[in-house]
$ cat my_file08.cif   # mmCIF, C-alpha atoms
data_start
loop_
_atom_site.label_atom_id
_atom_site.label_comp_id
_atom_site.auth_asym_id
_atom_site.auth_seq_id
_atom_site.Cartn_x
_atom_site.Cartn_y
_atom_site.Cartn_z
CA MET H 48 -4.55 20.04 3.36
CA PHE H 49 -4.35 16.57 1.83
CA ASN H 50 -2.88 16.24 -1.66
CA LEU H 51 -2.63 13.03 -3.67
CA GLN H 52 -1.19 12.01 -7.01
CA ILE H 53 -1.48 8.44 -8.30
CA ILE H 54 1.31 7.32 -10.64
CA PRO H 55 0.63 3.92 -12.25
CA VAL H 56 3.96 2.07 -12.41
CA SER H 57 5.42 -1.25 -13.53
CA ALA H 58 4.06 -3.76 -16.01
CA PHE H 59 1.36 -4.46 -13.39
CA GLN H 60 0.08 -0.82 -13.42
CA GLN H 61 0.45 -0.56 -9.67
CA ASN H 62 -0.86 2.59 -7.99
CA CYS H 63 2.16 4.41 -6.58
CA SER H 64 0.76 7.17 -4.36
CA VAL H 65 2.48 10.48 -3.68
CA VAL H 66 0.85 12.23 -0.72
CA TRP H 67 1.73 15.67 0.66
CA ASP H 68 0.48 18.39 2.99
CA ASN H 69 0.12 22.13 2.47
CA GLN H 70 3.80 22.64 3.33
CA LYS H 71 4.80 20.23 0.52
CA ARG H 72 6.07 17.61 2.98
CA ALA H 73 5.52 14.33 1.18
CA THR H 74 5.61 10.58 1.34
CA ILE H 75 5.62 7.99 -1.43
CA ILE H 76 3.54 4.86 -0.83
CA ASP H 77 4.46 1.68 -2.74
CA ALA H 78 7.11 2.86 -5.18
CA GLY H 79 6.71 -0.22 -7.35
CA ASP H 80 8.86 0.75 -10.37
CA ASN H 81 9.66 3.63 -12.74
CA ALA H 82 11.79 5.52 -10.25
CA GLU H 83 12.66 8.29 -12.71
CA GLN H 84 9.00 9.02 -13.40
CA ILE H 85 8.31 9.31 -9.68
CA ILE H 86 11.34 11.56 -9.14
CA GLN H 87 10.29 13.79 -12.04
CA PHE H 88 6.84 14.31 -10.53
CA VAL H 89 8.17 15.01 -7.03
CA GLU H 90 10.62 17.58 -8.33
CA SER H 91 8.08 19.18 -10.65
CA GLN H 92 5.89 19.89 -7.61
CA GLN H 93 8.87 20.94 -5.45
CA LEU H 94 7.94 18.39 -2.81
CA HIS H 95 10.13 17.46 0.14
CA VAL H 96 10.00 13.67 0.58
CA ASP H 97 10.02 12.82 4.28
CA LYS H 98 9.86 9.01 4.16
CA LEU H 99 8.88 6.06 1.97
CA LEU H 100 6.00 3.75 2.94
CA ILE H 101 5.28 0.17 1.85
CA THR H 102 2.05 -1.79 2.23
CA HIS H 103 3.59 -5.20 1.44
CA GLY H 104 6.58 -6.90 -0.07
CA HIS H 105 5.38 -8.03 -3.50
CA LEU H 106 7.77 -6.95 -6.24
CA ASP H 107 5.33 -4.61 -8.03
CA HIS H 108 5.09 -2.52 -4.85
CA ILE H 109 8.78 -2.27 -3.97
CA MET H 110 11.06 -2.40 -7.03
CA ALA H 111 11.84 1.37 -6.99
CA VAL H 112 11.99 1.79 -3.22
CA ASP H 113 15.71 1.31 -2.65
CA ARG H 114 16.56 3.60 -5.56
CA LEU H 115 14.34 6.34 -4.13
CA ARG H 116 15.63 5.77 -0.59
CA HIS H 117 19.15 6.63 -1.75
CA TYR H 118 18.07 9.42 -4.09
CA PHE H 119 16.03 11.31 -1.49
CA GLY H 120 18.14 10.25 1.51
CA VAL H 121 15.15 9.06 3.53
CA GLU H 122 14.13 5.96 5.48
CA VAL H 123 11.68 3.23 4.54
CA TYR H 124 8.73 2.27 6.79
CA GLY H 125 6.77 -0.97 6.40
CA SER H 126 5.51 -3.47 5.83
CA HIS H 127 5.08 -5.86 8.78
CA GLN H 128 8.12 -8.09 9.35
CA ALA H 129 6.24 -11.21 8.26
CA ASP H 130 6.96 -10.09 4.68
CA GLN H 131 10.75 -10.13 5.20
CA PRO H 132 11.40 -13.15 2.91
CA LEU H 133 9.76 -11.26 0.01
CA PHE H 134 12.26 -8.42 0.37
CA GLU H 135 15.22 -10.74 0.75
CA GLN H 136 14.28 -12.81 -2.30
CA LEU H 137 13.44 -9.87 -4.56
CA PRO H 138 16.14 -10.63 -7.19
CA GLN H 139 14.94 -14.23 -7.61
CA ILE H 140 11.29 -13.15 -7.77
CA CYS H 141 12.11 -10.58 -10.48
CA THR H 142 13.76 -13.35 -12.49
CA GLN H 143 10.71 -15.60 -12.07
CA TYR H 144 8.54 -12.86 -13.60
CA GLY H 145 11.00 -12.17 -16.42
CA LEU H 146 11.74 -8.66 -15.14
CA PRO H 147 15.09 -6.87 -14.79
CA THR H 148 16.73 -7.88 -11.53
CA VAL H 149 16.37 -5.52 -8.58
CA GLY H 150 18.64 -6.00 -5.58
CA SER H 151 17.28 -7.22 -2.26
CA PHE H 152 16.80 -4.83 0.64
CA VAL H 153 14.82 -4.56 3.85
CA PRO H 154 12.94 -1.56 5.24
CA ASP H 155 14.57 0.59 7.90
CA HIS H 156 11.50 0.14 10.11
CA TRP H 157 8.95 -2.68 10.24
CA LEU H 158 5.44 -1.57 11.22
CA ASN H 159 2.83 -3.17 13.45
CA GLU H 160 -0.86 -2.84 14.25
CA GLY H 161 -1.48 0.40 16.14
CA ASP H 162 1.67 2.25 15.02
CA GLU H 163 1.37 5.77 13.65
CA ILE H 164 3.37 7.48 10.93
CA GLN H 165 3.49 11.27 10.60
CA VAL H 166 4.26 13.11 7.37
CA GLY H 167 4.15 16.85 7.95
CA ASN H 168 0.71 17.48 9.44
CA LEU H 169 -0.72 14.21 8.11
CA VAL H 170 -0.98 11.21 10.42
CA PHE H 171 -1.40 7.64 9.19
CA GLN H 172 -2.63 4.88 11.47
CA ILE H 173 -1.28 1.41 10.77
CA ARG H 174 -3.46 -1.70 10.56
CA HIS H 175 -2.12 -5.18 9.89
CA LEU H 176 -4.04 -6.59 6.90
CA PRO H 177 -2.86 -10.18 6.27
CA GLY H 178 -4.33 -12.55 3.71
CA HIS H 179 -2.79 -11.33 0.45
CA SER H 180 0.65 -11.49 2.02
CA PRO H 181 1.46 -12.29 5.67
CA GLY H 182 2.93 -8.89 6.48
CA HIS H 183 0.51 -6.70 4.55
CA ILE H 184 -0.42 -3.43 6.26
CA GLY H 185 -2.54 -0.39 5.43
CA PHE H 186 -2.05 3.34 6.01
CA PHE H 187 -5.21 5.04 7.30
CA GLU H 188 -5.53 8.83 7.28
CA MET H 189 -8.56 9.22 9.51
CA GLN H 190 -9.08 12.97 9.25
CA ASN H 191 -9.54 12.85 5.49
CA LYS H 192 -11.10 9.36 5.51
CA ILE H 193 -8.75 7.71 3.05
CA ALA H 194 -6.78 4.48 3.36
CA PHE H 195 -3.98 3.07 1.26
CA THR H 196 -4.58 -0.65 1.53
CA GLY H 197 -2.47 -2.21 -1.22
CA ASP H 198 -3.85 -5.43 -2.65
CA VAL H 199 -6.45 -6.32 0.00
CA LEU H 200 -9.66 -4.78 -1.35
CA PHE H 201 -10.38 -3.60 -4.88
CA LYS H 202 -13.41 -2.07 -6.56
CA ASN H 203 -15.74 -5.07 -6.92
CA SER H 204 -12.92 -7.50 -6.14
CA ILE H 205 -10.37 -8.66 -3.57
CA GLY H 206 -6.67 -9.47 -3.55
CA ARG H 207 -5.38 -12.77 -4.81
CA THR H 208 -4.42 -15.39 -2.24
CA ASP H 209 -2.37 -17.85 -4.28
CA LEU H 210 1.00 -16.18 -3.62
CA TYR H 211 3.46 -16.58 -0.71
CA GLN H 212 1.46 -17.40 2.45
CA GLY H 213 -1.76 -16.02 0.99
CA ASN H 214 -4.92 -17.19 2.72
CA PHE H 215 -8.45 -16.58 1.42
CA GLU H 216 -10.26 -17.01 4.75
CA GLN H 217 -7.76 -14.71 6.46
CA LEU H 218 -8.18 -12.09 3.74
CA ILE H 219 -11.97 -12.09 4.09
CA ASP H 220 -11.65 -11.80 7.87
CA THR H 221 -9.18 -8.94 7.45
CA ILE H 222 -11.57 -7.01 5.23
CA ARG H 223 -14.50 -7.62 7.51
CA SER H 224 -12.73 -6.80 10.78
CA LYS H 225 -10.28 -4.08 9.69
CA LEU H 226 -11.97 -2.32 6.76
CA PHE H 227 -15.72 -2.82 6.99
CA VAL H 228 -15.69 -1.25 10.47
CA LEU H 229 -14.89 2.08 8.80
CA ASP H 230 -17.56 4.62 7.78
CA ASP H 231 -19.26 3.92 4.46
CA ASP H 232 -17.79 7.10 2.92
CA PHE H 233 -14.23 6.09 3.78
CA ILE H 234 -12.16 6.03 0.57
CA ILE H 235 -10.07 2.99 -0.25
CA MET H 236 -7.10 3.56 -2.54
CA PRO H 237 -6.11 0.08 -3.72
CA GLY H 238 -2.85 -1.12 -5.17
CA HIS H 239 -4.33 -1.40 -8.67
CA GLY H 240 -7.27 0.13 -10.47
CA ALA H 241 -9.85 2.71 -9.43
CA HIS H 242 -10.48 3.89 -5.89
CA THR H 243 -13.65 2.87 -4.11
CA THR H 244 -15.48 3.35 -0.81
CA ILE H 245 -16.34 1.03 2.04
CA GLY H 246 -20.07 1.53 1.42
CA GLN H 247 -19.72 0.70 -2.25
CA GLU H 248 -17.91 -2.55 -1.51
CA LYS H 249 -20.40 -3.57 1.17
CA ARG H 250 -23.22 -3.11 -1.34
CA ALA H 251 -21.73 -4.38 -4.58
CA ASN H 252 -18.57 -6.44 -4.11
CA PRO H 253 -19.54 -9.99 -5.11
CA PHE H 254 -17.00 -11.46 -2.67
CA LEU H 255 -17.99 -9.27 0.24
CA LYS H 256 -21.62 -8.21 0.25
CA ILE H 257 -22.41 -7.44 3.87
CA SER H 258 -25.60 -9.49 3.59
CA HIS H 259 -23.42 -12.59 3.29
CA TYR H 260 -22.41 -12.18 6.92
CA ASP H 261 -24.23 -12.44 10.22
CA GLU H 262 -25.01 -9.02 11.59
CA THR H 263 -24.04 -10.10 15.10
#

$ encode --input "my_file08.cif" --output "structure tokens"
Amino acid sequence: MFNLQIIPVSAFQQNCSVVWDNQKRATIIDAGDNAEQIIQFVESQQLHVDKLLITHGHLDHIMAVDRLRHYFGVEVYGSHQADQPLFEQLPQICTQYGLPTVGSFVPDHWLNEGDEIQVGNLVFQIRHLPGHSPGHIGFFEMQNKIAFTGDVLFKNSIGRTDLYQGNFEQLIDTIRSKLFVLDDDFIIMPGHGAHTTIGQEKRANPFLKISHYDET
């Protein structure tokens, strides 16, 4: 059984995702802020957090991670190592955004294309999704057809590419080659805003209508 609770966190209303199986074994994806709110939900559901997952190193996706790592006594997985400078410079980046300073840290495990992460009886496949950030990854749960893809693809929009090593052409290629190959009913849970599906974004996303591309 696949269970999901979205907790919007931080001033950026980032979608922190708590996912768990029927044995209440859980993971937290992109704990961007508001650690106490996340802890309160986990404990209210009597969940057993197995590990913490990160799609990429932007501050609104990682500011509560180190706090939760110590609280739950678990390890952190992701993103890809290309995002390492974002983790190391987290205090300075917080200051640039006028936010309370959060100490720097790095994940316990960097993830790469083709890796798999297991949480109870749930298995997430890892795909490298650069363009928004160089080390951006996604977590794909193929059995239930849902992917947690951070700030790559949004409902009727795409991730911004004007931040550290962002690249518009690379982002479009990532979406086309790593996401649009999925079934149309595959659910995309983005880093902000409402969820969507691959079919919906092929049909209606003004940046990504499939008709814009060669069918070859």

$ residues_around --input "my_file08.cif" --residues "Pro138 of chain H" --least-positions-apart "2" --cutoff "9 Å" --atoms "all atoms listed in the file" --output "list of chain:residue names"
H:Phe134, H:Glu135, H:Gln136, H:Ile140, H:Cys141, H:Thr142, H:Gln143, H:Pro147, H:Thr148, H:Val149, H:Gly150, H:Ser151

$ closest_residue --input "my_file08.cif" --among "H:Gln139, H:Gly161, H:Gly167, H:Phe201" --to "Val96 of chain H" --atoms "all atoms listed in the file"
H:Gly167

$ resolve_selection --input "my_file08.cif" --expression "the PyMOL selection byres ((chain H and resi 172-178) around 6)" --output "list in words"
Glu160, Gly161, Asp162, Glu163, Phe171, His179, Ser180, Pro181, Gly182, His183, Ile184, Gly185, Phe186, Phe187, Gly213, Asn214, Gln217, Leu218 and Thr221 of chain H

$ residues_around --input "my_file08.cif" --residues "segment 196-200 of chain H" --least-positions-apart "4" --cutoff "6 Å" --atoms "only C-alpha atoms" --output "PyMOL selection string"
chain H and resi 102+185+205-206+237-238

$ residues_around --input "my_file08.cif" --residues "Ile219 of chain H" --least-positions-apart "4" --cutoff "8 Å" --atoms "all atoms listed in the file" --output "list of chain:residue names"
H:Gly178, H:Phe215, H:Arg223, H:Leu255

$ write_last_selection --input "my_file08.cif" --atoms "C-alpha atoms" --output "mmCIF file, keeping the file's coordinate frame"
data_model
loop_
_atom_site.group_PDB
_atom_site.id
_atom_site.type_symbol
_atom_site.label_atom_id
_atom_site.label_comp_id
_atom_site.auth_asym_id
_atom_site.auth_seq_id
_atom_site.Cartn_x
_atom_site.Cartn_y
_atom_site.Cartn_z
ATOM 1 C CA GLY H 178 -4.330 -12.550 3.710
ATOM 2 C CA PHE H 215 -8.450 -16.580 1.420
ATOM 3 C CA ARG H 223 -14.500 -7.620 7.510
ATOM 4 C CA LEU H 255 -17.990 -9.270 0.240
#

$ resolve_selection --input "my_file08.cif" --expression "the PyMOL selection byres ((chain H and resi 235) around 8)" --output "list in words"
Ile193, Ala194, Phe195, Thr196, Leu200, Phe233, Ile234, Met236, Pro237, His242, Thr243, Thr244 and Ile245 of chain H

$ write_last_selection --input "my_file08.cif" --atoms "C-alpha atoms" --output "mmCIF file, keeping the file's coordinate frame"
data_model
loop_
_atom_site.group_PDB
_atom_site.id
_atom_site.type_symbol
_atom_site.label_atom_id
_atom_site.label_comp_id
_atom_site.auth_asym_id
_atom_site.auth_seq_id
_atom_site.Cartn_x
_atom_site.Cartn_y
_atom_site.Cartn_z
ATOM 1 C CA ILE H 193 -8.750 7.710 3.050
ATOM 2 C CA ALA H 194 -6.780 4.480 3.360
ATOM 3 C CA PHE H 195 -3.980 3.070 1.260
ATOM 4 C CA THR H 196 -4.580 -0.650 1.530
ATOM 5 C CA LEU H 200 -9.660 -4.780 -1.350
ATOM 6 C CA PHE H 233 -14.230 6.090 3.780
ATOM 7 C CA ILE H 234 -12.160 6.030 0.570
ATOM 8 C CA MET H 236 -7.100 3.560 -2.540
ATOM 9 C CA PRO H 237 -6.110 0.080 -3.720
ATOM 10 C CA HIS H 242 -10.480 3.890 -5.890
ATOM 11 C CA THR H 243 -13.650 2.870 -4.110
ATOM 12 C CA THR H 244 -15.480 3.350 -0.810
ATOM 13 C CA ILE H 245 -16.340 1.030 2.040
#

$ atom_distance --input "my_file08.cif" --atom1 "atom CA of His127 of chain H" --atom2 "atom CA of Ala78 of chain H"
16.6 Å

$ residues_around --input "my_file08.cif" --residues "Leu94 of chain H" --least-positions-apart "5" --cutoff "8 Å" --atoms "all atoms listed in the file" --output "JSON, numbers by chain"
{"H": [67, 71, 72, 73, 89]}

$ residues_around --input "my_file08.cif" --residues "segment 121-125 of chain H" --least-positions-apart "2" --cutoff "9 Å" --atoms "only C-alpha atoms" --output "list in words"
Val96, Asp97, Lys98, Leu99, Leu100, Ile101, Thr102, His103, Gly104, Val112, Asp113, Leu115, Arg116, His117, Tyr118, Phe119, His127, Gln128, Val153, Pro154, Asp155, His156, Trp157, Leu158, Asn159, Ile164, Gly182, His183 and Ile184 of chain H

$ atom_distance --input "my_file08.cif" --atom1 "atom CA of Arg114 of chain H" --atom2 "atom CA of Ile54 of chain H"
16.5 Å

$ atom_distance --input "my_file08.cif" --atom1 "atom CA of Phe49 of chain H" --atom2 "atom CA of Ser64 of chain H"
12.4 Å

$ resolve_selection --input "my_file08.cif" --expression "the PyMOL selection byres ((chain H and resi 250-252) around 10)" --output "list in words"
Leu200, Phe201, Lys202, Asn203, Ser204, Ile205, Asp231, Ile245, Gly246, Gln247, Glu248, Lys249, Pro253, Phe254, Leu255, Lys256, Ile257 and Ser258 of chain H

$ write_last_selection --input "my_file08.cif" --atoms "C-alpha atoms" --output "compact mmCIF listing (two decimals), in the coordinates of the input"
# COMPACT_ATOMS: atom_id res chain seq x y z
CA LEU H 200 -9.66 -4.78 -1.35
CA PHE H 201 -10.38 -3.60 -4.88
CA LYS H 202 -13.41 -2.07 -6.56
CA ASN H 203 -15.74 -5.07 -6.92
CA SER H 204 -12.92 -7.50 -6.14
CA ILE H 205 -10.37 -8.66 -3.57
CA ASP H 231 -19.26 3.92 4.46
CA ILE H 245 -16.34 1.03 2.04
CA GLY H 246 -20.07 1.53 1.42
CA GLN H 247 -19.72 0.70 -2.25
CA GLU H 248 -17.91 -2.55 -1.51
CA LYS H 249 -20.40 -3.57 1.17
CA PRO H 253 -19.54 -9.99 -5.11
CA PHE H 254 -17.00 -11.46 -2.67
CA LEU H 255 -17.99 -9.27 0.24
CA LYS H 256 -21.62 -8.21 0.25
CA ILE H 257 -22.41 -7.44 3.87
CA SER H 258 -25.60 -9.49 3.59

$ build_atoms --input "my_file08.cif" --residues "segment 196-230 of chain H" --atoms "N, CA and C atoms" --output "compact mmCIF listing (two decimals), keeping the file's coordinate frame"
# COMPACT_ATOMS: atom_id res chain seq x y z
N THR H 196 -4.47 0.72 1.03
CA THR H 196 -4.58 -0.65 1.53
C THR H 196 -3.99 -1.68 0.58
N GLY H 197 -3.16 -1.25 -0.37
CA GLY H 197 -2.47 -2.21 -1.22
C GLY H 197 -3.43 -3.16 -1.92
N ASP H 198 -3.11 -4.45 -1.86
CA ASP H 198 -3.85 -5.43 -2.65
C ASP H 198 -4.82 -6.26 -1.80
N VAL H 199 -5.47 -5.64 -0.85
CA VAL H 199 -6.45 -6.32 0.00
C VAL H 199 -7.85 -6.24 -0.60
N LEU H 200 -8.30 -5.03 -0.87
CA LEU H 200 -9.66 -4.78 -1.35
C LEU H 200 -9.60 -3.92 -2.60
N PHE H 201 -10.29 -4.35 -3.64
CA PHE H 201 -10.38 -3.60 -4.88
C PHE H 201 -11.84 -3.23 -5.16
N LYS H 202 -12.05 -2.36 -6.13
CA LYS H 202 -13.41 -2.07 -6.56
C LYS H 202 -14.01 -3.33 -7.16
N ASN H 203 -15.03 -3.86 -6.50
CA ASN H 203 -15.74 -5.07 -6.92
C ASN H 203 -14.87 -6.33 -6.92
N SER H 204 -13.78 -6.32 -6.18
CA SER H 204 -12.92 -7.50 -6.14
C SER H 204 -12.10 -7.50 -4.86
N ILE H 205 -11.26 -8.53 -4.72
CA ILE H 205 -10.37 -8.66 -3.57
C ILE H 205 -8.99 -9.11 -4.08
N GLY H 206 -8.01 -9.06 -3.19
CA GLY H 206 -6.67 -9.47 -3.55
C GLY H 206 -6.57 -10.97 -3.76
N ARG H 207 -5.61 -11.35 -4.57
CA ARG H 207 -5.38 -12.77 -4.81
C ARG H 207 -4.73 -13.40 -3.59
N THR H 208 -4.93 -14.70 -3.43
CA THR H 208 -4.42 -15.39 -2.24
C THR H 208 -3.60 -16.61 -2.59
N ASP H 209 -3.13 -16.69 -3.84
CA ASP H 209 -2.37 -17.85 -4.28
C ASP H 209 -0.87 -17.60 -4.30
N LEU H 210 -0.42 -16.49 -3.70
CA LEU H 210 1.00 -16.18 -3.62
C LEU H 210 1.53 -16.55 -2.23
N TYR H 211 2.78 -16.19 -1.95
CA TYR H 211 3.46 -16.58 -0.71
C TYR H 211 2.61 -16.34 0.54
N GLN H 212 2.24 -17.42 1.22
CA GLN H 212 1.46 -17.40 2.45
C GLN H 212 0.15 -16.62 2.32
N GLY H 213 -0.42 -16.59 1.13
CA GLY H 213 -1.76 -16.02 0.99
C GLY H 213 -2.79 -16.96 1.60
N ASN H 214 -3.90 -16.38 2.06
CA ASN H 214 -4.92 -17.19 2.72
C ASN H 214 -6.28 -16.52 2.51
N PHE H 215 -7.16 -17.18 1.77
CA PHE H 215 -8.45 -16.58 1.42
C PHE H 215 -9.29 -16.26 2.66
N GLU H 216 -9.44 -17.23 3.56
CA GLU H 216 -10.26 -17.01 4.75
C GLU H 216 -9.71 -15.85 5.59
N GLN H 217 -8.38 -15.79 5.70
CA GLN H 217 -7.76 -14.71 6.46
C GLN H 217 -8.00 -13.36 5.79
N LEU H 218 -7.94 -13.34 4.46
CA LEU H 218 -8.18 -12.09 3.74
C LEU H 218 -9.61 -11.59 3.96
N ILE H 219 -10.58 -12.48 3.86
CA ILE H 219 -11.97 -12.09 4.09
C ILE H 219 -12.16 -11.58 5.50
N ASP H 220 -11.55 -12.25 6.48
CA ASP H 220 -11.65 -11.80 7.87
C ASP H 220 -10.99 -10.44 8.05
N THR H 221 -9.85 -10.23 7.39
CA THR H 221 -9.18 -8.94 7.45
C THR H 221 -10.08 -7.83 6.95
N ILE H 222 -10.70 -8.04 5.81
CA ILE H 222 -11.57 -7.01 5.23
C ILE H 222 -12.75 -6.74 6.15
N ARG H 223 -13.33 -7.79 6.67
CA ARG H 223 -14.50 -7.62 7.51
C ARG H 223 -14.16 -6.92 8.83
N SER H 224 -13.04 -7.30 9.44
CA SER H 224 -12.73 -6.80 10.78
C SER H 224 -11.90 -5.52 10.80
N LYS H 225 -11.17 -5.24 9.70
CA LYS H 225 -10.28 -4.08 9.69
C LYS H 225 -10.74 -2.97 8.75
N LEU H 226 -11.52 -3.33 7.72
CA LEU H 226 -11.97 -2.32 6.76
C LEU H 226 -13.46 -2.03 6.87
N PHE H 227 -14.28 -3.05 6.97
CA PHE H 227 -15.72 -2.82 6.99
C PHE H 227 -16.21 -2.18 8.29
N VAL H 228 -15.34 -2.00 9.25
CA VAL H 228 -15.69 -1.25 10.47
C VAL H 228 -15.57 0.25 10.25
N LEU H 229 -15.02 0.67 9.12
CA LEU H 229 -14.89 2.08 8.80
C LEU H 229 -16.22 2.65 8.29
N ASP H 230 -16.35 3.97 8.31
CA ASP H 230 -17.56 4.62 7.78
C ASP H 230 -17.73 4.30 6.30
